[in-house]
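Worksheet for the structure shown next.
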Amino acid sequence: MGIIQILLSAEFNETVTLIINIATVALAVKFRKSFRSTYPGVGKFYDALLLATIVWFIAECFYAPGYFSDYFSEEFIEKSELIADNIWIVFQLLFFYAFASLFGALINNYRVEVVKEVPKGGENESALMLSPGTHIVFPEKAKELFLSLLKEYPGLVISRTPPEEIKRRLGLKRTPVIWITRVEGKSHVSPTRLEYLGHLVVEFFKENETPKVVLIDCIEYLAIENGFQQVFKFLLNLKDYASVTDSIILLVTSREVWKDREWKLLTREFPVVEG
């Protein structure tokens, strides 16, 4: 048998298919942990797709005797293919479930709801004089300024503090909170996923075409996880989107946590709220 005939034979194609399936499963298992830690919201999708791939491989194993008919009886091949057909149905159900969970995650977990909440407190009238863009706020002034702005704009909090705790501190009930953490969960974002975090904030700004206010109280933590330059670029990008949507970002931080050069860069781009 020539090389061309071998390459076109059913036995060769089935063998290659089985090898590819084994390699796919091996790679999926190898990268499972890193994928789930980087994209926690779609962990169910990954696991369901991995399980579907394993089931697909099992089905192919039961189909294989039909491609090697010289070694198996017709009765054995028929029974084997019947089992494979049933396993194939399981694969299709798992495949459907995988993408259903993906779409559900994209719709429910990857969107920040725009909520207008009028909180108690926050009577700083100068807050309403802030221009669109990004401003640095010292911790002792952050709460009053943010609550004052919430009386006019829908808000969002991005914090290292768990949502329940930060809402209690600010006296909020409905304003959404993105928790910067490596713990998997809804509205949780890993500190190293700056691009995704930026996407959430930008989409929040674009929603309803109304000005909004965002409080970020964890830029030091983000800088530790990603480096100052990466976080600075991330903040510059958000500043531009805040400006074009007439929105305001409050960066809660203190002078002493930054090196001189870093503080100069921050204050050059983001004015400090003095009042």
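Ligands are numbered from 1 in the order shown, chains are lettered A, B, ... in the order of the structure tokens, and residues start at 1 in each chain.
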
Applying 7 Å and only C-alpha atoms, which residues near A:Val157 remain after dropping the ones on its own chain fewer than 3 positions away? List them as a PDB file with C-alpha atoms, in the first residue's frame.
```pdb
ATOM      1  CA  PRO A 176     -22.727  47.724  42.477  1.00  0.00           C
ATOM      2  CA  VAL A 177     -19.317  46.753  43.859  1.00  0.00           C
ATOM      3  CA  ILE A 178     -16.521  44.990  42.002  1.00  0.00           C
ATOM      4  CA  VAL A 214     -16.658  55.396  39.982  1.00  0.00           C
ATOM      5  CA  LEU A 215     -14.794  55.042  43.281  1.00  0.00           C
ATOM      6  CA  ILE A 216     -11.528  53.066  43.153  1.00  0.00           C
TER       7      ILE A 216
END
```

Mind checking which residues fall within 9 Å of A:Phe146, counting only C-alpha atoms, ignoring those fewer than 4 positions away in the same chain, and posting them as a list in words? Gly122, Ala127, Lys141, Ala142, Leu150, Lys151, Gly155, Leu170, Val213, Val214, Leu215 and Leu250 of chain A

Written file, previous selection with N, CA and C atoms, as a compact mmCIF listing (two decimals), in the first residue's frame:
```
# COMPACT_ATOMS: atom_id res chain seq x y z
N GLY A 122 -23.31 62.82 52.75
CA GLY A 122 -22.69 63.35 51.55
C GLY A 122 -23.29 64.66 51.12
N ALA A 127 -18.31 68.83 45.48
CA ALA A 127 -18.14 67.61 44.70
C ALA A 127 -18.80 67.74 43.34
N LYS A 141 -11.58 62.02 52.87
CA LYS A 141 -12.58 62.81 52.14
C LYS A 141 -13.38 61.97 51.15
N ALA A 142 -12.94 60.76 50.93
CA ALA A 142 -13.50 59.95 49.85
C ALA A 142 -15.00 59.66 50.04
N LEU A 150 -23.12 60.57 44.27
CA LEU A 150 -24.15 59.55 44.05
C LEU A 150 -25.55 60.15 44.04
N LYS A 151 -25.72 61.30 44.67
CA LYS A 151 -27.03 61.95 44.65
C LYS A 151 -27.40 62.42 43.25
N GLY A 155 -23.54 55.08 40.42
CA GLY A 155 -22.17 54.86 40.85
C GLY A 155 -21.72 53.42 40.78
N LEU A 170 -20.08 52.54 53.55
CA LEU A 170 -20.57 53.70 52.79
C LEU A 170 -22.06 53.93 52.96
N VAL A 213 -20.29 57.94 38.24
CA VAL A 213 -19.16 58.14 39.14
C VAL A 213 -18.63 56.78 39.59
N VAL A 214 -17.31 56.64 39.58
CA VAL A 214 -16.66 55.40 39.98
C VAL A 214 -15.67 55.68 41.10
N LEU A 215 -15.74 54.93 42.17
CA LEU A 215 -14.79 55.04 43.28
C LEU A 215 -13.85 53.85 43.23
N LEU A 250 -12.99 58.67 41.09
CA LEU A 250 -12.30 59.08 42.32
C LEU A 250 -11.29 58.00 42.69
```

Strand (DSSP E) call set, DSSP backbone run, stretch 11-243 of chain A, as a PyMOL selection string: chain A and resi 133-137+155-159+177-180+188-189+213-216

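The interatomic distance for the pair atom CA of A:Asn208 and atom CA of A:Gln230 works out to 29.3 Å.
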
Any idea what's packed within 9 Å of stretch 260-272 of chain A, counting only C-alpha atoms, ignoring anything in its chain fewer than 4 positions away? Could you give it as number ranges by chain? A: 133-138, 228-229, 232, 236, 239, 251, 255-256
